[in-house]
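One file, data.cif, carrying mmCIF, C-alpha atoms:
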```cif
data_work
loop_
_atom_site.label_atom_id
_atom_site.label_comp_id
_atom_site.auth_asym_id
_atom_site.auth_seq_id
_atom_site.Cartn_x
_atom_site.Cartn_y
_atom_site.Cartn_z
CA MET A 1 112.20 48.84 64.74
CA THR A 2 115.88 49.73 65.25
CA VAL A 3 117.03 51.73 68.26
CA THR A 4 117.88 54.68 66.00
CA ASN A 5 114.44 54.61 64.39
CA ALA A 6 112.77 54.31 67.77
CA LEU A 7 114.62 57.38 69.01
CA SER A 8 113.71 59.28 65.85
CA VAL A 9 110.05 58.43 66.36
CA ALA A 10 110.30 59.51 70.00
CA ALA A 11 111.90 62.82 69.04
CA ARG A 12 109.31 63.48 66.34
CA THR A 13 106.53 62.73 68.81
CA MET A 14 108.03 65.04 71.39
CA MET A 15 108.31 67.84 68.87
CA ALA A 16 104.60 67.47 68.16
CA GLU A 17 103.27 67.69 71.73
CA PRO A 18 104.81 66.98 75.15
CA LEU A 19 103.62 64.24 77.48
CA ALA A 20 101.01 64.87 80.18
CA GLY A 21 101.94 67.77 82.41
CA GLY A 22 104.21 69.26 79.78
CA ARG A 23 106.97 66.66 80.13
CA PHE A 24 109.78 66.01 77.68
CA GLY A 25 111.11 62.78 79.18
CA GLU A 26 112.10 63.74 82.73
CA PHE A 27 112.26 67.44 81.84
CA GLY A 28 109.71 70.25 81.58
CA GLY A 29 106.70 70.37 83.89
CA ARG A 30 105.30 73.22 85.94
CA TYR A 31 107.15 74.26 89.14
CA VAL A 32 105.52 77.54 90.13
CA PRO A 33 104.04 79.09 93.28
CA GLU A 34 100.47 78.06 94.05
CA SER A 35 99.33 81.53 93.04
CA LEU A 36 100.51 80.94 89.45
CA VAL A 37 99.16 77.43 88.90
CA ALA A 38 95.77 78.74 87.78
CA ALA A 39 97.39 81.36 85.53
CA CYS A 40 99.50 78.72 83.76
CA ALA A 41 96.47 76.44 83.38
CA GLU A 42 94.50 79.31 81.89
CA VAL A 43 97.25 80.00 79.34
CA GLU A 44 97.39 76.29 78.43
CA GLU A 45 93.62 76.07 77.93
CA ALA A 46 93.59 79.26 75.85
CA PHE A 47 96.50 78.06 73.69
CA ARG A 48 94.92 74.65 73.05
CA GLU A 49 91.67 76.30 71.98
CA ALA A 50 93.41 78.89 69.81
CA TRP A 51 95.79 76.42 68.18
CA SER A 52 92.86 74.26 67.08
CA ASP A 53 90.99 77.32 65.75
CA ALA A 54 91.57 77.84 62.02
CA SER A 55 90.75 81.56 62.28
CA PHE A 56 93.51 82.06 64.91
CA ARG A 57 96.07 80.30 62.74
CA HIS A 58 94.96 82.22 59.67
CA ARG A 59 95.30 85.54 61.48
CA LEU A 60 98.78 84.58 62.77
CA GLU A 61 99.87 83.52 59.30
CA ARG A 62 98.64 86.84 57.94
CA LEU A 63 100.55 88.75 60.64
CA ARG A 64 103.70 86.81 59.84
CA ALA A 65 103.40 87.72 56.18
CA VAL A 66 102.41 91.38 56.29
CA HIS A 67 103.97 92.46 59.60
CA ALA A 68 106.97 90.19 60.19
CA GLY A 69 107.99 89.83 56.53
CA ARG A 70 107.85 86.05 56.29
CA PRO A 71 109.02 83.88 54.70
CA THR A 72 112.57 84.98 55.48
CA ALA A 73 115.23 84.23 52.89
CA LEU A 74 117.54 81.24 52.63
CA THR A 75 120.87 82.69 51.53
CA PRO A 76 123.66 80.52 50.06
CA ALA A 77 126.95 81.66 51.63
CA VAL A 78 128.84 81.22 48.39
CA ASN A 79 132.19 82.71 49.37
CA LEU A 80 132.36 81.12 52.81
CA SER A 81 131.37 77.77 51.30
CA ALA A 82 134.26 77.95 48.85
CA GLU A 83 136.71 78.73 51.65
CA LEU A 84 135.50 75.94 53.94
CA GLY A 85 134.82 73.16 51.43
CA VAL A 86 131.27 72.69 52.71
CA THR A 87 128.00 74.13 51.38
CA VAL A 88 126.66 76.71 53.84
CA LEU A 89 123.06 77.93 53.70
CA LEU A 90 121.89 80.73 56.01
CA LYS A 91 118.29 80.91 57.28
CA ARG A 92 117.88 84.68 57.59
CA GLU A 93 115.84 85.39 60.74
CA ASP A 94 117.90 88.60 60.95
CA LEU A 95 115.71 89.84 58.07
CA ALA A 96 112.47 89.44 60.01
CA HIS A 97 110.77 92.58 61.34
CA THR A 98 112.50 93.85 64.52
CA GLY A 99 115.68 92.05 63.43
CA SER A 100 115.39 88.62 64.99
CA HIS A 101 113.37 85.41 65.21
CA LYS A 102 111.76 86.68 68.42
CA ILE A 103 108.93 88.31 66.47
CA ASN A 104 107.58 84.85 65.44
CA ASN A 105 106.87 83.87 69.02
CA VAL A 106 105.73 87.27 70.23
CA LEU A 107 103.14 87.76 67.50
CA GLY A 108 101.63 84.41 68.48
CA GLN A 109 101.60 85.16 72.20
CA ALA A 110 100.31 88.73 71.75
CA LEU A 111 97.50 87.41 69.58
CA LEU A 112 96.71 84.90 72.33
CA ALA A 113 96.84 87.59 75.05
CA HIS A 114 94.46 89.75 73.02
CA ARG A 115 92.11 86.78 72.60
CA MET A 116 92.24 86.23 76.39
CA GLY A 117 91.29 89.84 77.04
CA ARG A 118 94.56 90.81 78.70
CA ARG A 119 95.58 94.48 78.74
CA ARG A 120 99.33 94.25 79.28
CA LEU A 121 102.29 92.13 78.17
CA LEU A 122 104.98 91.32 80.74
CA ALA A 123 108.32 90.28 79.30
CA GLU A 124 111.91 89.68 80.27
CA THR A 125 114.84 90.24 77.95
CA GLY A 126 118.59 89.77 77.80
CA ALA A 127 119.91 90.99 74.46
CA GLY A 128 116.83 93.15 74.09
CA GLN A 129 115.53 91.42 70.97
CA HIS A 130 112.63 89.79 72.78
CA GLY A 131 111.88 93.07 74.53
CA VAL A 132 111.79 94.93 71.23
CA ALA A 133 109.53 92.27 69.71
CA ALA A 134 107.22 92.38 72.76
CA ALA A 135 107.04 96.18 72.65
CA THR A 136 106.32 96.01 68.91
CA ALA A 137 103.51 93.49 69.29
CA ALA A 138 102.03 95.38 72.24
CA ALA A 139 101.88 98.55 70.16
CA LEU A 140 100.29 96.63 67.28
CA PHE A 141 97.56 95.16 69.53
CA GLY A 142 97.00 98.27 71.65
CA LEU A 143 98.42 96.67 74.79
CA ASP A 144 100.73 98.09 77.44
CA ALA A 145 104.18 96.51 77.72
CA THR A 146 106.44 96.15 80.76
CA VAL A 147 109.88 94.70 80.11
CA PHE A 148 112.22 93.48 82.87
CA MET A 149 115.91 93.75 81.97
CA GLY A 150 119.10 93.29 83.96
CA GLU A 151 121.03 96.47 84.64
CA ARG A 152 124.18 95.00 83.06
CA ASP A 153 122.25 94.10 79.91
CA ILE A 154 120.76 97.60 79.80
CA GLU A 155 124.30 98.98 79.77
CA ARG A 156 125.49 96.76 76.91
CA GLN A 157 122.29 96.84 74.82
CA GLN A 158 121.42 100.53 74.87
CA LEU A 159 120.20 100.61 71.27
CA ASN A 160 117.50 98.02 71.98
CA VAL A 161 116.56 99.76 75.23
CA PHE A 162 115.99 102.96 73.28
CA ARG A 163 113.98 101.08 70.64
CA MET A 164 111.71 99.67 73.35
CA THR A 165 111.07 103.10 74.84
CA MET A 166 110.30 104.52 71.37
CA LEU A 167 107.69 101.78 70.99
CA GLY A 168 106.08 102.81 74.29
CA ALA A 169 107.31 100.06 76.61
CA GLU A 170 108.15 100.57 80.28
CA ILE A 171 111.63 99.25 81.10
CA VAL A 172 112.15 97.92 84.63
CA PRO A 173 115.89 97.72 85.51
CA VAL A 174 116.80 94.66 87.57
CA ARG A 175 119.67 95.28 89.97
CA SER A 176 119.79 91.95 91.81
CA GLY A 177 122.23 89.07 91.27
CA SER A 178 124.35 89.21 88.15
CA ARG A 179 122.00 91.88 86.70
CA THR A 180 121.44 89.78 83.55
CA LEU A 181 118.72 87.65 81.97
CA LYS A 182 118.44 85.17 84.87
CA ASP A 183 117.61 87.95 87.29
CA ALA A 184 115.23 89.62 84.82
CA CYS A 185 113.31 86.31 84.61
CA ASN A 186 113.14 86.13 88.43
CA GLU A 187 111.67 89.61 88.69
CA ALA A 188 109.23 89.14 85.81
CA MET A 189 107.83 85.98 87.43
CA ARG A 190 107.55 87.70 90.84
CA HIS A 191 105.63 90.54 89.23
CA TRP A 192 103.37 88.13 87.34
CA VAL A 193 102.21 86.70 90.69
CA THR A 194 100.68 90.08 91.53
CA ALA A 195 99.34 90.89 88.06
CA ALA A 196 98.09 87.65 86.50
CA HIS A 197 94.49 88.88 86.58
CA ASP A 198 95.05 91.51 83.86
CA SER A 199 98.52 90.83 82.45
CA TYR A 200 99.92 88.15 80.16
CA TYR A 201 103.46 86.86 80.75
CA CYS A 202 105.07 86.71 77.29
CA VAL A 203 108.00 84.31 77.80
CA GLY A 204 110.86 84.86 75.36
CA SER A 205 112.19 81.36 74.80
CA VAL A 206 111.35 77.66 75.04
CA MET A 207 111.60 77.78 78.82
CA GLY A 208 109.38 78.49 81.81
CA PRO A 209 106.49 76.42 83.19
CA HIS A 210 104.21 74.34 80.95
CA PRO A 211 102.79 75.26 78.43
CA TYR A 212 105.46 77.85 77.51
CA PRO A 213 108.25 75.54 76.18
CA TRP A 214 105.76 73.74 73.94
CA MET A 215 103.85 76.86 72.91
CA VAL A 216 106.96 78.91 72.08
CA ARG A 217 108.41 76.05 70.04
CA GLU A 218 105.17 75.81 68.07
CA PHE A 219 105.30 79.56 67.33
CA GLN A 220 108.96 79.17 66.24
CA ARG A 221 108.36 76.00 64.19
CA VAL A 222 107.82 78.25 61.17
CA ILE A 223 111.61 78.67 60.93
CA GLY A 224 112.24 74.96 60.41
CA GLU A 225 109.27 74.38 58.15
CA GLU A 226 110.24 77.24 55.84
CA ALA A 227 113.91 76.18 55.86
CA ARG A 228 113.02 72.58 55.01
CA ALA A 229 111.03 73.64 51.96
CA GLN A 230 113.74 76.11 50.91
CA CYS A 231 116.51 73.51 51.32
CA ALA A 232 114.51 71.07 49.18
CA ALA A 233 114.52 73.64 46.39
CA GLU A 234 118.22 74.51 46.85
CA LEU A 235 119.95 71.17 47.49
CA PRO A 236 120.13 68.04 45.26
CA THR A 237 119.88 66.00 48.49
CA SER A 238 116.84 68.03 49.62
CA VAL A 239 117.90 67.88 53.29
CA PRO A 240 121.22 69.28 54.58
CA THR A 241 123.59 66.91 56.34
CA HIS A 242 123.89 69.29 59.33
CA VAL A 243 121.48 71.80 60.90
CA VAL A 244 123.21 74.26 63.25
CA ALA A 245 121.80 76.95 65.58
CA CYS A 246 122.93 78.81 68.69
CA VAL A 247 121.35 77.87 72.03
CA GLY A 248 120.72 80.02 75.08
CA GLY A 249 117.17 79.26 76.17
CA GLY A 250 117.03 77.67 72.73
CA SER A 251 113.99 79.03 70.87
CA ASN A 252 115.56 79.57 67.45
CA ALA A 253 117.22 76.15 67.64
CA ALA A 254 113.98 74.44 68.72
CA GLY A 255 112.06 76.07 65.89
CA THR A 256 114.73 75.09 63.37
CA PHE A 257 115.15 71.52 64.68
CA ALA A 258 111.37 70.97 64.56
CA GLY A 259 111.54 71.16 60.76
CA PHE A 260 114.26 68.48 60.50
CA VAL A 261 113.82 66.18 63.52
CA ASP A 262 112.32 63.43 61.34
CA THR A 263 115.19 63.51 58.81
CA ASP A 264 118.75 62.17 58.83
CA ALA A 265 120.20 65.66 59.35
CA ARG A 266 122.52 66.00 62.33
CA LEU A 267 121.14 68.61 64.70
CA ILE A 268 123.83 70.75 66.37
CA GLY A 269 123.10 73.26 69.13
CA VAL A 270 125.94 75.67 69.92
CA GLU A 271 126.21 77.09 73.43
CA ALA A 272 128.39 79.79 74.90
CA ALA A 273 131.26 78.16 76.82
CA GLY A 274 130.43 80.29 79.86
CA GLY A 275 126.71 79.51 79.78
CA ALA A 276 126.62 75.88 78.62
CA ALA A 277 123.74 74.30 80.50
CA MET A 278 123.56 71.35 78.09
CA THR A 279 127.29 70.67 78.31
CA ASP A 280 128.06 71.55 81.95
CA GLY A 281 124.66 71.61 83.64
CA THR A 282 122.90 68.99 85.73
CA ALA A 283 119.20 68.26 86.21
CA GLY A 284 117.53 70.94 88.28
CA ILE A 285 114.71 73.46 88.45
CA VAL A 286 114.86 77.09 87.41
CA HIS A 287 112.17 79.61 86.48
CA GLY A 288 109.33 77.13 86.83
CA TYR A 289 110.65 74.18 84.81
CA ARG A 290 113.00 71.20 85.13
CA SER A 291 115.92 70.97 82.76
CA ARG A 292 119.70 71.05 82.72
CA VAL A 293 120.90 73.96 84.83
CA LEU A 294 124.27 75.38 85.83
CA GLN A 295 124.47 74.84 89.58
CA ASP A 296 127.07 75.09 92.32
CA GLU A 297 127.95 72.35 94.81
CA HIS A 298 125.04 73.44 97.01
CA GLY A 299 122.47 73.17 94.22
CA GLN A 300 122.20 76.93 93.82
CA VAL A 301 121.83 78.30 90.29
CA ALA A 302 125.27 79.43 89.14
CA GLU A 303 126.12 82.53 87.18
CA ALA A 304 126.53 82.23 83.42
CA HIS A 305 128.69 84.40 81.17
CA SER A 306 128.74 85.15 77.46
CA ILE A 307 129.77 88.06 75.30
CA ALA A 308 126.29 87.57 73.78
CA ALA A 309 123.66 88.85 76.21
CA GLY A 310 121.07 86.49 74.75
CA LEU A 311 123.16 83.43 75.71
CA ASP A 312 124.04 84.65 79.21
CA TYR A 313 121.57 82.27 80.87
CA PRO A 314 122.18 79.32 83.25
CA GLY A 315 119.39 77.05 81.97
CA VAL A 316 118.18 75.63 78.67
CA GLY A 317 114.76 74.72 77.31
CA PRO A 318 113.59 71.30 78.58
CA GLU A 319 113.02 69.89 75.11
CA HIS A 320 116.69 70.45 74.32
CA ALA A 321 117.61 68.49 77.47
CA TYR A 322 115.45 65.66 76.19
CA LEU A 323 116.81 65.77 72.63
CA GLY A 324 120.31 65.66 74.10
CA ASP A 325 119.49 62.73 76.36
CA ILE A 326 118.17 60.60 73.51
CA ARG A 327 121.09 61.76 71.32
CA ARG A 328 118.87 63.15 68.58
CA ALA A 329 120.68 66.48 68.91
CA ARG A 330 124.28 67.21 69.87
CA TYR A 331 125.30 70.25 71.90
CA VAL A 332 128.74 71.85 71.65
CA THR A 333 130.39 75.02 72.96
CA VAL A 334 132.46 77.87 71.56
CA THR A 335 134.32 80.58 73.46
CA ASP A 336 133.97 84.36 73.32
CA ASP A 337 137.40 84.45 71.65
CA GLU A 338 136.07 82.37 68.73
CA VAL A 339 132.84 84.32 68.33
CA VAL A 340 134.06 87.78 67.36
CA PRO A 341 136.43 86.52 64.62
CA ALA A 342 133.60 84.34 63.30
CA LEU A 343 131.26 87.33 63.12
CA ARG A 344 133.90 89.34 61.26
CA ARG A 345 134.63 86.51 58.83
CA LEU A 346 130.97 86.16 57.89
CA ALA A 347 130.72 89.93 57.48
CA ARG A 348 133.76 90.11 55.21
CA THR A 349 132.96 87.05 53.07
CA GLU A 350 129.19 87.47 52.73
CA GLY A 351 128.40 91.08 53.67
CA ILE A 352 126.18 89.98 56.57
CA LEU A 353 126.56 91.40 60.10
CA CYS A 354 124.87 88.85 62.30
CA ALA A 355 124.22 89.02 66.04
CA LEU A 356 126.82 87.76 68.49
CA GLU A 357 124.40 85.00 69.44
CA SER A 358 124.21 83.76 65.85
CA ALA A 359 128.00 84.05 65.50
CA HIS A 360 128.31 81.14 67.94
CA ALA A 361 126.84 78.85 65.27
CA ILE A 362 129.18 80.31 62.66
CA ALA A 363 132.18 79.82 64.97
CA TRP A 364 131.45 76.10 65.40
CA VAL A 365 131.14 75.61 61.64
CA LEU A 366 134.47 77.40 61.07
CA ARG A 367 136.14 75.15 63.65
CA ALA A 368 134.53 71.91 62.49
CA ALA A 369 134.76 72.28 58.69
CA GLY A 370 137.04 69.66 57.19
CA THR A 371 137.06 67.51 60.35
CA ALA A 372 135.14 64.35 61.21
CA ASP A 373 132.46 66.57 62.79
CA LEU A 374 131.80 68.35 59.50
CA PRO A 375 133.55 66.56 56.61
CA THR A 376 134.41 68.27 53.36
CA GLY A 377 131.41 68.12 51.03
CA SER A 378 128.85 68.44 53.81
CA THR A 379 125.79 70.66 53.45
CA VAL A 380 125.08 72.91 56.44
CA LEU A 381 122.03 74.96 57.33
CA ILE A 382 122.80 77.69 59.89
CA THR A 383 120.02 79.77 61.41
CA LEU A 384 121.03 83.41 61.83
CA SER A 385 118.79 84.24 64.77
CA GLY A 386 119.29 88.00 64.61
CA ARG A 387 121.15 90.95 63.14
CA GLY A 388 124.18 92.53 64.73
CA ASP A 389 123.25 96.21 64.95
CA LYS A 390 122.69 95.89 68.70
CA ASP A 391 126.20 94.50 69.19
CA MET A 392 128.15 97.30 67.49
CA PRO A 393 129.15 99.00 70.79
CA ALA A 394 130.56 95.71 72.09
CA LEU A 395 132.39 95.06 68.83
CA MET A 396 133.77 98.61 68.78
CA ALA A 397 135.11 97.99 72.28
CA THR A 398 136.87 94.80 71.18
CA ALA A 399 138.35 96.60 68.18
CA THR A 400 140.09 99.17 70.40
CA ARG A 401 141.72 96.62 72.72
#
```
Using structure tokens, write down the structure from this file.
Amino acid sequence: MTVTNALSVAARTMMAEPLAGGRFGEFGGRYVPESLVAACAEVEEAFREAWSDASFRHRLERLRAVHAGRPTALTPAVNLSAELGVTVLLKREDLAHTGSHKINNVLGQALLAHRMGRRRLLAETGAGQHGVAAATAAALFGLDATVFMGERDIERQQLNVFRMTMLGAEIVPVRSGSRTLKDACNEAMRHWVTAAHDSYYCVGSVMGPHPYPWMVREFQRVIGEEARAQCAAELPTSVPTHVVACVGGGSNAAGTFAGFVDTDARLIGVEAAGGAAMTDGTAGIVHGYRSRVLQDEHGQVAEAHSIAAGLDYPGVGPEHAYLGDIRRARYVTVTDDEVVPALRRLARTEGILCALESAHAIAWVLRAAGTADLPTGSTVLITLSGRGDKDMPALMATATR
């Protein structure tokens, strides 16, 4: 077996189930206070039982179809493709119910929480999309919802805050630290310590202690599996040459990559330049798991920055750290200054207003098209993780500068 094939087998195995203890190579694991060890173990046991239960999977598939609107479309970006000289296909998670891929994961976790007899969902959110999805699922299952959100993110994502309150969720402003997603995660985990007996912590991305990175990726795998079948029907080559998705915690990218990890497609994760844990981070522990983390010279978690609230996070899911280490996926960065023009170009060529998070993936494709990174004639699948309605205030502000 060649080295390349060996790595491909390793990546495919990892994207099936992690090693003992929830490890992806040296990453992952469970680094939580003693008081949460039993809670994490209970979630793992419940997930393993549910995931092997055909009735659970059937009910989740039904929810995805009738409540989330799956399968989402695969849209050929005809005009942009002509301009760039590469074939661009867009996986439209922005068309899913609540406007982002977050609903895939939340429906799975809410169904699990209901099966476990929990009465309340705890969640953290940055851009608000996970909070909206959690509030939506809680309403659907008759659960209470408490959402922790940084005060700065509340200010820049007011539309999603209002949507959460309309759905009946309690919003807890977090005023510590940078008042963004990192601090919201801290507070949500602290609260979980006191409420694990009746509340379920609904993690929003492929991060957190085991089993969350594995479980969330499995709930998001539907993106990649649908896209693979849709690409096979759309492309003469069946599989695109490049698969591109934005990465903060990395759930939409993990779900997309899971559908193509055993192919020859190049997997590209695009980070925000100010929050690039894969590019600039080093091995460390944050929010109960080991991965690549932005840290200062004293080993303290550093502040991240992005115009996209959903990418304003100093860590990255541990499976991405592993995929990067074995070079099955490549991680690149784009700046805020590239993102807004990319969003506008997609809007004006294709009539699609995507989220600022998704525009990071578009920005890299615009930069790379026609270069050795993305040669003319390539076929590119881009996952649009969410729609841009929530970002209109930020875009209006940039338009007046």
### Query
Between A:Leu181, A:Leu294, A:Glu49, A:Ala229, which is the closest to Ala73 of chain A once you count only C-alpha atoms?
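Closest to Ala73 of chain A, using only C-alpha atoms: A:Ala229.
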### Query
Closest to Asp53 of chain A among A:Leu112, A:Ala329, A:Ala145, A:Leu89, using all atoms listed in the file?
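Among the listed residues, A:Leu112 lies closest to Asp53 of chain A.
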### Neighbour list for Lys182 of chain A as a list in words, cut-off 8 Å, all atoms listed in the file, skip fewer than 3 positions in-chain
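The contact residues come out as Ser178, Arg179, Cys185, Asn186, Asp312, Tyr313 and Pro314 of chain A.
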Any chance you can output those residues with C-alpha atoms as an mmCIF file, keeping the file's coordinate frame?
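The resulting file, again-v5.cif, is reproduced below:
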```
data_model
loop_
_atom_site.group_PDB
_atom_site.id
_atom_site.type_symbol
_atom_site.label_atom_id
_atom_site.label_comp_id
_atom_site.auth_asym_id
_atom_site.auth_seq_id
_atom_site.Cartn_x
_atom_site.Cartn_y
_atom_site.Cartn_z
ATOM 1 C CA SER A 178 124.350 89.210 88.150
ATOM 2 C CA ARG A 179 122.000 91.880 86.700
ATOM 3 C CA CYS A 185 113.310 86.310 84.610
ATOM 4 C CA ASN A 186 113.140 86.130 88.430
ATOM 5 C CA ASP A 312 124.040 84.650 79.210
ATOM 6 C CA TYR A 313 121.570 82.270 80.870
ATOM 7 C CA PRO A 314 122.180 79.320 83.250
#
```
### Task
May I have the protein, DNA and RNA residues with an atom at most 8 Å from (126.8, 78.2, 65.1), counting all atoms listed in the file in the file's coordinates, returned as an MDAnalysis selection string?
chainID A and resid 244:246 269:270 358:365 382:383
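Note that atom CA of His320 of chain A and atom CA of Thr282 of chain A are 13.1 Å apart.
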### Task
Can you work out which one of A:Leu381, A:Val316, A:Val261, A:Val106 has the shortest atom-to-atom distance to Val216 of chain A, counting all atoms listed in the file?
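Looking only at the distances to Val216 of chain A, the closest residue turns out to be A:Val106.
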#### Entry: Who sits within 10 Å of His67 of chain A, only C-alpha atoms, same chain under 4 positions skipped, as JSON, numbers by chain
{"A": [60, 61, 62, 63, 96, 97, 98, 103, 107, 137, 140]}
List, as a CSV table (one decimal) with C-alpha atoms, in the frame of the given file, every residue that the PyMOL selection byres ((chain A and resi 34-38) around 10) selects in the file provided.
```csv
chain,number,residue,atom,x,y,z
A,30,ARG,CA,105.3,73.2,85.9
A,31,TYR,CA,107.2,74.3,89.1
A,32,VAL,CA,105.5,77.5,90.1
A,33,PRO,CA,104.0,79.1,93.3
A,39,ALA,CA,97.4,81.4,85.5
A,40,CYS,CA,99.5,78.7,83.8
A,41,ALA,CA,96.5,76.4,83.4
A,42,GLU,CA,94.5,79.3,81.9
A,43,VAL,CA,97.2,80.0,79.3
A,44,GLU,CA,97.4,76.3,78.4
A,189,MET,CA,107.8,86.0,87.4
A,190,ARG,CA,107.6,87.7,90.8
A,192,TRP,CA,103.4,88.1,87.3
A,193,VAL,CA,102.2,86.7,90.7
A,194,THR,CA,100.7,90.1,91.5
A,196,ALA,CA,98.1,87.6,86.5
A,209,PRO,CA,106.5,76.4,83.2
A,210,HIS,CA,104.2,74.3,81.0
A,288,GLY,CA,109.3,77.1,86.8
```
### Query
Using all atoms listed in the file, which of A:Ala134, A:Ala65, A:Val339, A:Leu19 sits nearest Asn105 of chain A?
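Among the listed residues, the smallest separation from Asn105 of chain A belongs to A:Ala134.
Nearest residue to Val222 of chain A, choosing from A:Val239, A:Ala258, A:Ala82, A:Met207 and counting only C-alpha atoms: A:Ala258.
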#### Entry: Result set of the PyMOL selection byres ((chain A and resi 174) around 12) on the coordinates above, as a ChimeraX atom specification
/A:124-126,147-155,171-173,175-188
### Selected residue, from A:Arg345, A:Arg163, A:Lys102, A:Arg120, that lies nearest to His197 of chain A when counting all atoms listed in the file
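Nearest candidate to His197 of chain A out of A:Arg345, A:Arg163, A:Lys102, A:Arg120: A:Arg120.
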### Task
Calculate how many Å separate atom CA of Pro76 of chain A from atom CA of Arg327 of chain A, rounding to one decimal.
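That distance, rounded to one decimal, is 28.5 Å.
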### Nearby residues (all atoms listed in the file) at most 9 Å from Gly128 of chain A, same-chain spacing under 4 positions excluded, as a ChimeraX atom specification
/A:124,132-133,149,153-154,157-161,164,309-310,390
### Task
Figure out the distance between atom CA of Leu343 of chain A and atom CA of Asp391 of chain A, please, to one decimal in Å.
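We find that atom CA of Asp391 of chain A and atom CA of Leu343 of chain A lie 10.7 Å from each other.
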### Task
Just the residues within 9 Å of Ser378 of chain A, please, counting only C-alpha atoms, with nothing from its chain fewer than 3 positions along; format it as a list in words.
Gly85, Val86, Thr87, Val88, Pro240, Thr241, His242, Ala369, Gly370, Leu374 and Pro375 of chain A
### Task
Let me know the residues the PyMOL selection byres ((chain A and resi 273) around 9) catches in the file above, as a PyMOL selection string.
chain A and resi 271-272+274-276+279-280+305-306+332-336
### Query
Counting all atoms listed in the file, what is within 9 Å of Ile352 of chain A, bar same-chain residues fewer than 2 positions away, as a ChimeraX atom specification?
/A:343,346-350,354,387-388
Box along x, y and z, 3 Å on every side, all listed atoms of segment 90-103 of chain A inside: centre and edge lengths in Å to one decimal, as AutoDock Vina command-line options.
```
--center_x 115.4 --center_y 87.3 --center_z 62.2 --size_x 19.0 --size_y 19.1 --size_z 18.4
```
Could segment 214-226 of chain A be completed with N, CA and C atoms and returned as a PDB file, in the frame of the given file?
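Result saved to out_25.pdb:
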```pdb
ATOM      1  N   TRP A 214     106.471  74.325  75.082  1.00  0.00           N
ATOM      2  CA  TRP A 214     105.760  73.740  73.940  1.00  0.00           C
ATOM      3  C   TRP A 214     105.180  74.841  73.050  1.00  0.00           C
ATOM      4  N   MET A 215     104.521  75.802  73.673  1.00  0.00           N
ATOM      5  CA  MET A 215     103.850  76.860  72.910  1.00  0.00           C
ATOM      6  C   MET A 215     104.858  77.704  72.125  1.00  0.00           C
ATOM      7  N   VAL A 216     105.964  78.088  72.774  1.00  0.00           N
ATOM      8  CA  VAL A 216     106.960  78.910  72.080  1.00  0.00           C
ATOM      9  C   VAL A 216     107.585  78.141  70.926  1.00  0.00           C
ATOM     10  N   ARG A 217     107.854  76.851  71.145  1.00  0.00           N
ATOM     11  CA  ARG A 217     108.410  76.050  70.040  1.00  0.00           C
ATOM     12  C   ARG A 217     107.440  75.971  68.867  1.00  0.00           C
ATOM     13  N   GLU A 218     106.150  75.856  69.157  1.00  0.00           N
ATOM     14  CA  GLU A 218     105.170  75.810  68.070  1.00  0.00           C
ATOM     15  C   GLU A 218     105.148  77.137  67.300  1.00  0.00           C
ATOM     16  N   PHE A 219     105.274  78.263  68.027  1.00  0.00           N
ATOM     17  CA  PHE A 219     105.300  79.560  67.330  1.00  0.00           C
ATOM     18  C   PHE A 219     106.597  79.749  66.540  1.00  0.00           C
ATOM     19  N   GLN A 220     107.687  79.056  66.962  1.00  0.00           N
ATOM     20  CA  GLN A 220     108.960  79.170  66.240  1.00  0.00           C
ATOM     21  C   GLN A 220     109.138  78.073  65.188  1.00  0.00           C
ATOM     22  N   ARG A 221     108.248  77.107  65.157  1.00  0.00           N
ATOM     23  CA  ARG A 221     108.360  76.000  64.190  1.00  0.00           C
ATOM     24  C   ARG A 221     108.407  76.503  62.752  1.00  0.00           C
ATOM     25  N   VAL A 222     107.844  77.679  62.519  1.00  0.00           N
ATOM     26  CA  VAL A 222     107.820  78.250  61.170  1.00  0.00           C
ATOM     27  C   VAL A 222     109.227  78.363  60.587  1.00  0.00           C
ATOM     28  N   ILE A 223     110.235  78.570  61.428  1.00  0.00           N
ATOM     29  CA  ILE A 223     111.610  78.670  60.930  1.00  0.00           C
ATOM     30  C   ILE A 223     112.017  77.368  60.248  1.00  0.00           C
ATOM     31  N   GLY A 224     111.827  76.256  60.948  1.00  0.00           N
ATOM     32  CA  GLY A 224     112.240  74.960  60.410  1.00  0.00           C
ATOM     33  C   GLY A 224     111.415  74.524  59.216  1.00  0.00           C
ATOM     34  N   GLU A 225     110.125  74.802  59.260  1.00  0.00           N
ATOM     35  CA  GLU A 225     109.270  74.380  58.150  1.00  0.00           C
ATOM     36  C   GLU A 225     109.611  75.144  56.871  1.00  0.00           C
ATOM     37  N   GLU A 226     109.833  76.457  57.026  1.00  0.00           N
ATOM     38  CA  GLU A 226     110.240  77.240  55.840  1.00  0.00           C
ATOM     39  C   GLU A 226     111.602  76.753  55.336  1.00  0.00           C
TER      40      GLU A 226
END
```
